[in-house]
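Colleague: Data: entry-v2.cif, mmCIF, C-alpha atoms.
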```cif
data_coords
#
loop_
_atom_site.label_atom_id
_atom_site.label_comp_id
_atom_site.auth_asym_id
_atom_site.auth_seq_id
_atom_site.Cartn_x
_atom_site.Cartn_y
_atom_site.Cartn_z
CA MET T 1498 -122.80 33.90 -80.21
CA GLN T 1499 -123.87 36.80 -78.00
CA HIS T 1500 -120.95 38.53 -76.31
CA VAL T 1501 -121.81 40.25 -73.01
CA PHE T 1502 -119.31 42.61 -71.39
CA ILE T 1503 -119.91 43.20 -67.67
CA VAL T 1504 -118.51 46.31 -65.99
CA GLY T 1505 -118.93 47.35 -62.36
CA ALA T 1506 -118.16 44.34 -60.13
CA LYS T 1507 -114.82 44.50 -58.31
CA SER T 1508 -114.21 40.77 -58.24
CA LEU T 1509 -116.02 37.47 -58.56
CA GLY T 1510 -117.14 35.51 -55.52
CA ALA T 1511 -116.65 38.27 -52.91
CA TYR T 1512 -119.31 39.55 -50.48
CA GLY T 1513 -120.65 42.43 -52.55
CA GLY T 1514 -124.01 41.98 -54.26
CA TYR T 1515 -122.69 42.46 -57.77
CA GLU T 1516 -119.68 40.23 -57.10
CA THR T 1517 -121.95 37.37 -56.04
CA PHE T 1518 -124.32 38.03 -58.94
CA VAL T 1519 -121.63 37.94 -61.65
CA TYR T 1520 -120.05 34.82 -60.15
CA LYS T 1521 -123.36 32.94 -60.15
CA LEU T 1522 -124.54 34.22 -63.55
CA THR T 1523 -121.32 33.09 -65.24
CA GLU T 1524 -121.44 29.80 -63.33
CA TYR T 1525 -125.00 29.11 -64.45
CA HIS T 1526 -124.23 29.96 -68.11
CA GLN T 1527 -120.76 28.39 -68.33
CA HIS T 1528 -121.98 25.61 -70.66
CA ASN T 1529 -124.16 27.86 -72.80
CA GLY T 1530 -122.47 27.92 -76.22
CA GLU T 1531 -124.50 30.93 -77.32
CA LEU T 1532 -123.27 33.26 -74.55
CA LYS T 1533 -119.74 34.54 -73.96
CA TYR T 1534 -119.08 36.75 -70.94
CA HIS T 1535 -116.23 39.23 -70.61
CA VAL T 1536 -115.95 40.45 -67.02
CA ALA T 1537 -113.94 43.43 -65.74
CA CYS T 1538 -112.23 42.94 -62.36
CA LYS T 1539 -110.13 45.24 -60.19
CA ALA T 1540 -106.43 44.37 -60.27
CA ASN T 1541 -105.51 46.26 -57.10
CA GLY T 1542 -106.98 48.31 -54.28
CA ASP T 1543 -110.01 47.71 -52.08
CA GLY T 1544 -111.98 44.59 -53.01
CA CYS T 1545 -109.60 43.62 -55.81
CA MET T 1546 -109.74 40.26 -57.58
CA ASP T 1547 -107.48 37.46 -56.36
CA GLU T 1548 -108.22 34.60 -58.70
CA THR T 1549 -105.59 32.37 -57.03
CA ARG T 1550 -108.11 31.59 -54.25
CA LEU T 1551 -110.52 30.17 -56.84
CA PRO T 1552 -109.17 26.77 -57.90
CA GLN T 1553 -111.36 26.71 -61.03
CA ALA T 1554 -109.82 29.95 -62.40
CA ARG T 1555 -107.39 29.42 -65.30
CA PRO T 1556 -104.77 32.05 -66.22
CA LEU T 1557 -104.88 33.18 -69.86
CA GLY T 1558 -102.13 35.79 -69.86
CA ASP T 1559 -101.06 39.01 -68.18
CA GLY T 1560 -104.03 40.24 -66.15
CA VAL T 1561 -106.48 37.89 -67.90
CA PHE T 1562 -107.97 34.65 -66.63
CA GLU T 1563 -110.89 32.36 -67.37
CA LEU T 1564 -113.57 31.45 -64.83
CA HIS T 1565 -116.79 29.59 -65.66
CA ASN T 1566 -115.83 29.93 -69.34
CA ALA T 1567 -115.94 33.73 -68.94
CA ARG T 1568 -112.98 35.84 -70.00
CA CYS T 1569 -112.07 38.00 -67.00
CA PHE T 1570 -109.73 40.96 -67.44
CA LYS T 1571 -108.13 42.96 -64.64
CA ILE T 1572 -108.03 46.76 -64.56
CA LYS T 1573 -105.30 48.57 -62.58
CA VAL T 1574 -106.52 51.60 -60.66
CA PRO T 1575 -104.67 54.53 -59.04
CA ASN T 1576 -105.09 55.37 -55.35
CA ILE T 1577 -107.32 58.46 -55.77
CA GLY T 1578 -109.86 57.96 -53.00
CA PRO T 1579 -113.63 57.75 -53.70
CA ALA T 1580 -113.12 58.74 -57.36
CA VAL T 1581 -111.39 55.41 -57.98
CA ALA T 1582 -114.78 53.76 -58.62
CA ILE T 1583 -115.45 56.20 -61.48
CA TYR T 1584 -111.94 55.70 -62.87
CA TYR T 1585 -112.36 51.93 -62.69
CA ASP T 1586 -115.61 51.87 -64.67
CA ILE T 1587 -114.29 54.26 -67.33
CA ALA T 1588 -111.05 52.28 -67.75
CA ALA T 1589 -113.05 49.03 -67.95
CA LEU T 1590 -115.39 50.48 -70.60
CA GLU T 1591 -112.41 51.69 -72.60
CA ALA T 1592 -110.96 48.16 -72.45
CA CYS T 1593 -114.33 46.71 -73.57
CA CYS T 1594 -114.58 49.09 -76.54
CA ARG T 1595 -111.00 48.32 -77.64
CA TYR T 1596 -111.61 44.57 -77.44
CA ILE T 1597 -114.90 44.81 -79.36
CA GLU T 1598 -113.20 46.88 -82.07
CA GLU T 1599 -110.05 44.76 -82.34
CA HIS T 1600 -111.93 41.46 -82.42
CA HIS T 1601 -114.81 42.69 -84.61
CA ILE T 1602 -117.42 41.50 -82.08
CA PRO T 1603 -120.90 41.74 -83.65
CA HIS T 1604 -123.86 43.24 -81.71
CA PRO T 1605 -122.14 43.19 -78.26
CA ILE T 1606 -124.02 43.99 -75.08
CA VAL T 1607 -122.17 46.12 -72.54
CA TYR T 1608 -123.86 45.60 -69.17
CA ILE T 1609 -122.94 48.31 -66.64
CA LEU T 1610 -123.58 47.61 -62.95
CA ALA T 1611 -124.36 50.74 -60.84
CA CYS T 1612 -124.68 54.39 -61.84
CA ARG T 1613 -121.22 55.80 -61.22
CA ILE T 1614 -120.22 57.37 -64.55
CA GLY T 1615 -123.19 59.55 -65.53
CA PRO T 1616 -121.15 62.42 -67.09
CA PHE T 1617 -119.57 59.88 -69.45
CA ALA T 1618 -122.72 57.85 -70.19
CA ALA T 1619 -123.69 59.66 -73.41
CA HIS T 1620 -120.13 59.35 -74.77
CA PHE T 1621 -119.94 55.60 -74.17
CA GLN T 1622 -123.44 54.91 -75.42
CA LYS T 1623 -122.63 56.71 -78.68
CA ARG T 1624 -119.34 54.86 -79.00
CA ILE T 1625 -120.88 51.45 -78.28
CA HIS T 1626 -123.73 52.15 -80.73
CA LYS T 1627 -121.13 52.92 -83.42
CA LEU T 1628 -119.63 49.50 -82.73
CA GLY T 1629 -123.07 47.94 -83.28
CA GLY T 1630 -123.66 47.32 -79.59
CA ARG T 1631 -126.19 48.15 -76.89
CA VAL T 1632 -125.79 49.49 -73.36
CA PHE T 1633 -127.66 47.74 -70.54
CA LEU T 1634 -127.70 49.17 -67.01
CA ASN T 1635 -128.37 47.66 -63.61
CA PRO T 1636 -128.98 50.70 -61.37
CA ASP T 1637 -128.45 48.81 -58.11
CA GLY T 1638 -130.33 50.45 -55.25
CA HIS T 1639 -130.19 54.02 -54.04
CA GLU T 1640 -126.41 54.58 -54.12
CA TRP T 1641 -126.98 58.26 -53.37
CA MET T 1642 -128.50 57.31 -50.00
CA ARG T 1643 -125.52 55.31 -48.72
CA ALA T 1644 -124.24 56.54 -45.35
CA LYS T 1645 -120.58 56.28 -46.35
CA TRP T 1646 -120.87 59.17 -48.83
CA SER T 1647 -120.60 62.87 -48.00
CA ALA T 1648 -123.41 65.24 -49.10
CA PRO T 1649 -121.60 66.45 -52.29
CA VAL T 1650 -120.83 62.84 -53.31
CA ARG T 1651 -124.46 61.82 -52.74
CA LYS T 1652 -125.58 64.70 -54.95
CA TYR T 1653 -123.19 63.46 -57.66
CA TRP T 1654 -124.56 59.88 -57.44
CA LYS T 1655 -128.13 61.12 -57.84
CA LEU T 1656 -127.25 63.25 -60.90
CA SER T 1657 -125.16 60.40 -62.31
CA GLU T 1658 -128.07 57.99 -61.92
CA GLY T 1659 -130.31 60.21 -64.05
CA MET T 1660 -127.70 60.55 -66.79
CA MET T 1661 -127.06 56.83 -66.94
CA VAL T 1662 -130.74 55.90 -67.04
CA ARG T 1663 -131.24 58.36 -69.94
CA HIS T 1664 -128.30 56.95 -71.89
CA SER T 1665 -129.04 53.22 -71.54
CA ASP T 1666 -130.87 51.04 -74.03
CA LEU T 1667 -132.32 48.84 -71.29
CA VAL T 1668 -132.44 49.26 -67.50
CA ILE T 1669 -132.52 45.87 -65.73
CA CYS T 1670 -133.88 46.30 -62.20
CA ASP T 1671 -133.31 43.61 -59.60
CA SER T 1672 -136.31 44.76 -57.57
CA THR T 1673 -139.83 45.84 -58.53
CA ASN T 1674 -139.40 48.66 -55.99
CA ILE T 1675 -136.39 49.92 -57.98
CA GLU T 1676 -138.21 49.57 -61.31
CA SER T 1677 -141.15 51.65 -59.99
CA TYR T 1678 -138.70 54.26 -58.65
CA ILE T 1679 -136.91 54.52 -62.04
CA HIS T 1680 -140.19 55.24 -63.82
CA ALA T 1681 -141.40 57.66 -61.13
CA CYS T 1682 -138.19 59.69 -61.41
CA TYR T 1683 -137.28 59.46 -65.10
CA ASP T 1684 -140.36 58.87 -67.27
CA GLY T 1685 -140.52 61.52 -69.98
CA LYS T 1686 -136.93 62.60 -69.36
CA GLY T 1687 -135.11 60.46 -71.92
CA PRO T 1688 -133.92 61.59 -75.37
CA GLY T 1689 -136.90 63.18 -77.12
CA GLY T 1690 -138.95 62.93 -73.92
CA ALA T 1691 -138.91 59.13 -73.95
CA ASP T 1692 -139.54 56.89 -70.94
CA PRO T 1693 -136.69 54.59 -69.88
CA ARG T 1694 -137.00 51.03 -71.19
CA THR T 1695 -136.93 48.73 -68.19
CA THR T 1696 -137.34 45.11 -67.20
CA TYR T 1697 -137.29 43.30 -63.87
CA ILE T 1698 -134.86 40.42 -63.27
CA ALA T 1699 -133.98 39.58 -59.67
CA TYR T 1700 -130.86 37.96 -58.31
CA GLY T 1701 -130.92 34.21 -57.84
CA ALA T 1702 -130.18 31.74 -55.05
CA GLU T 1703 -129.92 28.01 -54.38
CA THR T 1704 -131.97 25.92 -51.98
CA ARG T 1705 -129.92 22.73 -52.16
CA ASP T 1706 -128.12 21.52 -49.06
CA SER T 1707 -124.40 21.96 -48.64
CA ALA T 1708 -122.30 19.11 -50.04
CA LEU T 1709 -120.64 18.93 -46.60
CA PRO T 1710 -122.11 16.72 -43.85
CA ASP T 1711 -122.53 18.18 -40.37
CA ASP T 1712 -119.40 16.37 -39.20
CA ALA T 1713 -117.20 17.50 -42.13
CA PRO T 1714 -113.69 18.21 -40.79
CA GLN T 1715 -113.52 21.71 -42.29
CA TYR T 1716 -116.83 22.68 -40.66
CA THR T 1717 -116.09 21.19 -37.24
CA ALA T 1718 -112.61 22.76 -37.31
CA TRP T 1719 -114.14 26.13 -38.20
CA LEU T 1720 -116.62 25.87 -35.31
CA ARG T 1721 -113.86 24.89 -32.91
CA ASP T 1722 -111.63 27.74 -34.07
CA LYS T 1723 -114.41 30.33 -33.66
CA GLY T 1724 -115.83 28.97 -30.40
CA LEU T 1725 -119.23 28.21 -31.92
CA ALA T 1726 -121.66 25.27 -31.85
CA PRO T 1727 -124.26 24.09 -34.41
CA GLY T 1728 -127.57 25.85 -33.70
CA GLY T 1729 -125.80 27.98 -31.09
CA TYR T 1730 -125.27 31.10 -33.15
CA TYR T 1731 -127.02 33.81 -35.10
CA LEU T 1732 -125.27 34.82 -38.30
CA VAL T 1733 -124.76 37.70 -40.68
CA VAL T 1734 -122.75 37.62 -43.92
CA GLY T 1735 -122.15 40.80 -45.88
CA ARG T 1736 -120.08 43.86 -46.63
CA PHE T 1737 -118.98 45.76 -43.54
CA VAL T 1738 -120.58 49.13 -44.32
CA PRO T 1739 -122.80 51.43 -42.19
CA GLU T 1740 -125.96 51.12 -44.29
CA ASN T 1741 -126.08 47.38 -43.54
CA ASN T 1742 -126.83 48.40 -39.94
CA TYR T 1743 -124.14 46.44 -38.12
CA GLU T 1744 -124.28 49.03 -35.33
CA THR T 1745 -127.98 48.45 -34.71
CA MET T 1746 -127.66 44.66 -34.94
CA ILE T 1747 -124.72 44.48 -32.52
CA ARG T 1748 -126.27 46.98 -30.07
CA GLU T 1749 -129.58 45.09 -30.03
CA PHE T 1750 -127.92 41.70 -29.71
CA MET T 1751 -125.97 43.00 -26.72
CA LYS T 1752 -129.28 44.21 -25.22
CA SER T 1753 -130.86 40.78 -25.63
CA THR T 1754 -130.58 37.95 -23.12
CA SER T 1755 -129.87 35.39 -25.85
CA PRO T 1756 -127.63 32.50 -24.75
CA ARG T 1757 -126.45 32.17 -28.36
CA ASP T 1758 -123.53 33.88 -30.11
CA PHE T 1759 -123.66 36.42 -32.95
CA ALA T 1760 -121.20 35.34 -35.67
CA ILE T 1761 -120.30 38.10 -38.13
CA ILE T 1762 -118.72 36.97 -41.41
CA THR T 1763 -117.38 40.02 -43.20
CA ASN T 1764 -114.31 41.69 -44.65
CA VAL T 1765 -113.60 43.96 -41.67
CA ASN T 1766 -112.88 47.65 -42.21
CA ASP T 1767 -110.58 48.59 -39.30
CA LYS T 1768 -111.72 52.23 -39.16
CA PHE T 1769 -115.42 51.31 -39.01
CA LEU T 1770 -114.64 48.52 -36.51
CA GLU T 1771 -112.89 51.02 -34.20
CA GLN T 1772 -115.86 53.40 -34.46
CA LEU T 1773 -118.25 50.60 -33.49
CA GLU T 1774 -116.09 49.56 -30.54
CA ALA T 1775 -115.93 53.17 -29.31
CA ARG T 1776 -119.74 53.45 -29.49
CA LEU T 1777 -120.79 49.97 -28.36
CA HIS T 1778 -117.85 48.40 -26.45
CA PHE T 1779 -118.87 45.09 -28.05
CA LYS T 1780 -115.56 43.47 -27.11
CA SER T 1781 -116.90 43.27 -23.57
CA ASP T 1782 -119.64 40.88 -24.79
CA PRO T 1783 -118.15 37.44 -25.59
CA ARG T 1784 -121.21 36.59 -27.73
CA ILE T 1785 -120.23 39.14 -30.41
CA LYS T 1786 -117.76 37.35 -32.69
CA PHE T 1787 -116.17 38.77 -35.81
CA VAL T 1788 -115.09 35.50 -37.42
CA GLY T 1789 -113.38 36.72 -40.61
CA THR T 1790 -114.20 35.72 -44.17
CA VAL T 1791 -115.22 32.36 -45.66
CA TYR T 1792 -114.69 31.90 -49.40
CA ASP T 1793 -115.35 28.14 -49.52
CA GLN T 1794 -118.95 28.21 -50.82
CA GLU T 1795 -119.88 24.74 -49.45
CA LEU T 1796 -118.51 25.61 -46.02
CA LEU T 1797 -120.38 28.93 -46.06
CA LYS T 1798 -123.59 27.13 -47.00
CA LYS T 1799 -123.08 24.68 -44.10
CA ILE T 1800 -122.45 27.59 -41.70
CA ARG T 1801 -125.73 29.15 -42.85
CA GLU T 1802 -127.65 25.87 -42.55
CA ASN T 1803 -126.63 25.35 -38.93
CA ALA T 1804 -127.16 28.93 -37.76
CA TRP T 1805 -130.14 29.26 -35.43
CA GLY T 1806 -131.08 32.49 -37.19
CA TYR T 1807 -129.87 34.98 -39.76
CA LEU T 1808 -129.88 38.75 -39.13
CA HIS T 1809 -130.26 41.01 -42.16
CA GLY T 1810 -129.92 44.77 -41.80
CA HIS T 1811 -129.54 45.94 -45.41
CA GLU T 1812 -131.71 48.96 -46.16
CA VAL T 1813 -130.20 50.46 -49.33
CA GLY T 1814 -130.41 48.48 -52.55
CA GLY T 1815 -132.58 46.05 -54.40
CA THR T 1816 -132.73 42.28 -54.10
CA ASN T 1817 -129.74 41.40 -51.95
CA PRO T 1818 -127.89 38.11 -52.69
CA SER T 1819 -126.93 37.50 -49.06
CA LEU T 1820 -130.61 37.66 -48.11
CA LEU T 1821 -131.58 35.17 -50.84
CA GLU T 1822 -128.80 32.82 -49.76
CA ALA T 1823 -129.98 33.03 -46.16
CA LEU T 1824 -133.58 32.29 -47.17
CA GLY T 1825 -132.31 29.29 -49.15
CA SER T 1826 -130.29 27.86 -46.24
CA THR T 1827 -131.24 29.26 -42.82
CA ASP T 1828 -134.54 28.44 -41.11
CA LEU T 1829 -135.14 31.66 -39.14
CA ASN T 1830 -134.50 34.96 -40.91
CA LEU T 1831 -134.79 38.20 -38.94
CA LEU T 1832 -134.98 41.08 -41.44
CA LEU T 1833 -134.98 44.85 -41.22
CA ASP T 1834 -138.50 45.91 -42.20
CA VAL T 1835 -137.96 47.88 -45.42
CA GLY T 1836 -139.70 47.52 -48.79
CA PHE T 1837 -136.84 45.69 -50.51
CA ASN T 1838 -136.64 42.98 -47.84
CA ARG T 1839 -140.45 42.58 -47.61
CA GLU T 1840 -140.62 42.23 -51.39
CA VAL T 1841 -138.13 39.36 -51.31
CA ALA T 1842 -139.13 37.36 -48.23
CA GLU T 1843 -142.83 38.23 -47.95
CA ASP T 1844 -144.27 36.15 -45.06
CA ALA T 1845 -141.33 33.73 -44.87
CA ALA T 1846 -139.34 35.82 -42.37
CA LEU T 1847 -139.61 37.76 -39.10
CA TYR T 1848 -139.19 41.55 -39.18
CA TRP T 1849 -137.63 44.21 -36.95
CA THR T 1850 -137.28 47.99 -37.08
CA LYS T 1851 -134.51 50.34 -35.99
CA GLU T 1852 -136.59 51.42 -33.01
CA PRO T 1853 -134.62 50.73 -29.79
CA GLY T 1854 -135.54 47.33 -28.40
CA SER T 1855 -137.25 46.03 -31.54
CA LEU T 1856 -134.53 43.61 -32.65
CA ALA T 1857 -133.56 42.61 -29.09
CA ALA T 1858 -137.18 41.55 -28.45
CA LEU T 1859 -137.33 39.65 -31.75
CA ILE T 1860 -134.09 37.78 -30.95
CA GLU T 1861 -135.52 36.72 -27.59
CA GLN T 1862 -138.74 35.64 -29.35
CA ALA T 1863 -136.71 33.63 -31.88
CA ASP T 1864 -134.76 31.95 -29.08
CA LYS T 1865 -138.04 30.49 -27.76
CA ILE T 1866 -139.18 29.04 -31.09
CA LEU T 1867 -139.29 25.24 -31.09
CA PRO T 1868 -137.00 23.41 -33.55
CA SER T 1869 -140.06 22.05 -35.41
CA GLU T 1870 -141.44 25.59 -35.78
CA ALA T 1871 -138.06 26.86 -36.98
CA GLN T 1872 -138.00 24.08 -39.57
CA ALA T 1873 -141.44 25.16 -40.81
CA TRP T 1874 -140.18 28.74 -41.23
CA GLY T 1875 -137.22 27.32 -43.18
CA GLU T 1876 -139.46 25.35 -45.53
CA LYS T 1877 -141.52 28.46 -46.22
CA ALA T 1878 -138.34 30.49 -46.94
CA LYS T 1879 -136.96 27.84 -49.30
CA GLN T 1880 -140.27 27.68 -51.15
CA ARG T 1881 -140.17 31.46 -51.61
CA VAL T 1882 -136.71 31.19 -53.19
CA LYS T 1883 -137.72 28.26 -55.42
CA THR T 1884 -140.80 30.11 -56.66
CA ALA T 1885 -139.26 33.51 -57.42
CA TYR T 1886 -135.46 33.41 -57.20
CA SER T 1887 -134.01 30.14 -58.46
CA TRP T 1888 -130.83 30.57 -60.51
CA GLN T 1889 -132.46 28.51 -63.25
CA LYS T 1890 -135.29 31.05 -63.49
CA ILE T 1891 -132.97 34.09 -63.31
CA GLY T 1892 -130.52 32.58 -65.81
CA GLN T 1893 -133.32 31.85 -68.27
CA GLU T 1894 -134.65 35.41 -67.95
CA TYR T 1895 -131.21 36.81 -68.78
CA GLU T 1896 -130.89 34.42 -71.73
CA LYS T 1897 -134.23 35.69 -73.03
CA VAL T 1898 -133.28 39.38 -72.69
CA PHE T 1899 -129.90 38.83 -74.36
CA ALA T 1900 -131.50 36.78 -77.18
CA GLU T 1901 -134.15 39.46 -77.80
CA ASP T 1902 -131.43 42.07 -78.16
CA ARG T 1903 -129.45 39.86 -80.54
CA ASN T 1904 -132.53 39.25 -82.67
CA SER T 1905 -133.40 42.95 -82.80
CA ALA T 1906 -129.80 43.70 -83.84
CA HIS T 1907 -130.09 41.19 -86.71
CA ASN T 1908 -133.33 42.80 -87.85
CA VAL T 1909 -131.94 46.34 -88.04
#
```
Starting from the file, lay out its structure as structure tokens.
Modeller:
Amino acid sequence: MQHVFIVGAKSLGAYGGYETFVYKLTEYHQHNGELKYHVACKANGDGCMDETRLPQARPLGDGVFELHNARCFKIKVPNIGPAVAIYYDIAALEACCRYIEEHHIPHPIVYILACRIGPFAAHFQKRIHKLGGRVFLNPDGHEWMRAKWSAPVRKYWKLSEGMMVRHSDLVICDSTNIESYIHACYDGKGPGGADPRTTYIAYGAETRDSALPDDAPQYTAWLRDKGLAPGGYYLVVGRFVPENNYETMIREFMKSTSPRDFAIITNVNDKFLEQLEARLHFKSDPRIKFVGTVYDQELLKKIRENAWGYLHGHEVGGTNPSLLEALGSTDLNLLLDVGFNREVAEDAALYWTKEPGSLAALIEQADKILPSEAQAWGEKAKQRVKTAYSWQKIGQEYEKVFAEDRNSAHNV
């Protein structure tokens, strides 16, 4: 059996990219007898894991539960501001190393998501190698470009990224843009002047319909509660952070003459929300609706299916799960025109820029599209997901990478 320890996601099934990814990867592999996942989760603080809202989670003991046949262990973190992310990853890696040692796990893979702990990367790689394991890294997108970080913190993220790439045995990039960037920045800079070893594996998505019919009580009740109607709203689902361009999307929607609503499903950050209200006064526009969170996956899929269009403003990162899920469920997808989004959707979506008026004009154009045309856009989007991003394809690619590492460990 290949044991894979995953460090870096806060929880499973939340709105972050890694959280969605780990949830779906473990779900897809839950019946694979040759893979055993061990997943670190945050026990407290922002974005922490609450397994009680997942009916399939089974408690195993103090701070440990099982989900999708994966052993999930919770890490308590102190309230130390931005540095908590670094503390969390280090504490999780310590817990992984102890477990590997105590249970004599052969040839483990420790898969680290994001590049937060660069100064400690060499130490943990050496320690994991001594335990017979390998370190895999998913570098995410350009963390050092995120608007929420101050200049000194951005500088740290960039330095940390370089250290982590140099001290990883394999860098798994979820975007070809990211893989090209890794080589452009770090070729020849590894131990002994080596190039980083990389591979490309995207995130996955589903194209099946929701199990709920259009008249399902939970969906109709949700619509009623939020003041929405099927086909009468545009939608966005994602983390409520500046680099996802909520400000631009809300401002442009308010500029548009659309008769539809803009439903925003997110875990609201009160400080950021107050900043947006001060800048935009969106509360004066009844079409702008912050509708809370939705953790029921079938309900969320139904909400996506019956949206008239999906707005996507992510500009930092690789292949984004919320974009894939929208392409798999929503007919019209209106995406910020950046390389990552173009790489994913290609010609199956409509594109806007941050130039004033660009998105407002596109929304008005989308409002005039006939239902039959919208359906054709939806078919094209689903086909794009089926071809390049099905969970079956992504799961098989991970199985192959993990198996190759296990075989190489046996041959040493």
Colleague: Contacts of region 1766-1782 of chain T at 8 Å or less, counting all atoms listed in the file, minus same-chain residues fewer than 5 places along, as a PyMOL selection string?
Modeller: chain T and resi 1737-1738+1744+1747-1748+1751
Colleague: Check the smallest atom-to-atom distance from each of T:Asp1706, T:Glu1812, T:Asp1828, T:Asp1671 to Tyr1731 (chain T) using all atoms listed in the file, then report the winner.
Modeller: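 Of T:Asp1706, T:Glu1812, T:Asp1828, T:Asp1671, the one nearest Tyr1731 (chain T), counting all atoms listed in the file, is T:Asp1828.
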Colleague: Taking into account all atoms listed in the file, which residue in the set T:Gln1889, T:Ser1672, T:Gln1715, T:Ser1508 is nearest to Glu1548 (chain T)?
Modeller: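 Closest candidate: T:Ser1508.
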Colleague: So which residues fall inside 9 Å of (-118.5, 35.9, -82.7) if we count only C-alpha atoms? Mind giving them as a ChimeraX atom specification?
Modeller: /T:1498-1500,1533,1600-1603
Colleague: Considering only C-alpha atoms, can you say which of T:His1809, T:Val1501, T:Gly1558, T:Phe1787 comes closest to His1526 (chain T)?
Modeller: T:Val1501
Colleague: Using only C-alpha atoms, which of T:Gly1542, T:Gly1687, T:Gly1735, T:Pro1605 sits nearest Thr1517 (chain T)?
Modeller: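 Of T:Gly1542, T:Gly1687, T:Gly1735, T:Pro1605, the one nearest Thr1517 (chain T) is T:Gly1735, counting only C-alpha atoms.
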Colleague: Would you mind reading off the distance between CA of Phe1837 (chain T) and CA of Thr1816 (chain T), one decimal, in Å?
Modeller: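 Going from CA of Phe1837 (chain T) over to CA of Thr1816 (chain T) covers 6.4 Å.
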Colleague: Would you kindly translate the PyMOL selection byres ((chain T and resi 1716-1729) around 12) into the concrete residues it picks from this file, as a VMD selection string?
Modeller: chain T and resid 1707 to 1715 1730 to 1732 1755 to 1762 1783 to 1791 1793 to 1807 1827 to 1829 1864 1868 1871
Colleague: Pick from T:Gly1544, T:Pro1556, T:Gly1514, T:Pro1575: nearest to Ala1611 (chain T), with all atoms listed in the file counted?
Modeller: T:Gly1514
Colleague: Let me know the residues the PyMOL selection byres ((chain T and resi 1704) around 9) catches in the file above, as a list in words.
Modeller: Ala1702, Glu1703, Arg1705, Asp1706, Glu1822, Leu1824, Gly1825, Ser1826, Lys1879, Gln1880, Val1882, Lys1883 and Ser1887 of chain T
Colleague: Dump as a Markdown table the rows for residues of region 1668-1756 of chain T within 9 Å of region 1838-1853 of chain T: closest atom pair and distance in Å with one decimal, all atoms listed in the file counted, ordered by chain and rising residue number.
Modeller:
```
| residue | atom | partner | partner_atom | distance |
| --- | --- | --- | --- | --- |
| T:Ser1672 | CA | T:Glu1840 | CA | 7.9 |
| T:Thr1673 | CA | T:Glu1840 | CA | 8.0 |
| T:Asn1674 | CA | T:Glu1840 | CA | 8.0 |
| T:Asn1742 | CA | T:Lys1851 | CA | 8.9 |
| T:Thr1745 | CA | T:Lys1851 | CA | 6.9 |
| T:Met1746 | CA | T:Lys1851 | CA | 9.0 |
| T:Glu1749 | CA | T:Pro1853 | CA | 7.6 |
```
Colleague: Carefully work through the PyMOL selection byres ((chain T and resi 1581) around 12) for this structure and note down the residues it includes, as a PyMOL selection string.
Modeller: chain T and resi 1505+1507+1539+1541-1544+1572-1580+1582-1589+1613-1614
Colleague: How many Å separate CA of Lys1627 (chain T) from CA of Cys1594 (chain T)?
Modeller: 10.2 Å
Colleague: Have a look at T:Cys1682, T:Val1561, T:Ile1860, T:Leu1833 and name the one nearest to Tyr1743 (chain T); count all atoms listed in the file.
Modeller: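 Smallest separation from Tyr1743 (chain T) among the options: T:Leu1833.
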Colleague: Any idea what the distance is between CA of Val1519 (chain T) and CA of Phe1570 (chain T)?
Modeller: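 Between these atoms lies a distance of 13.6 Å.
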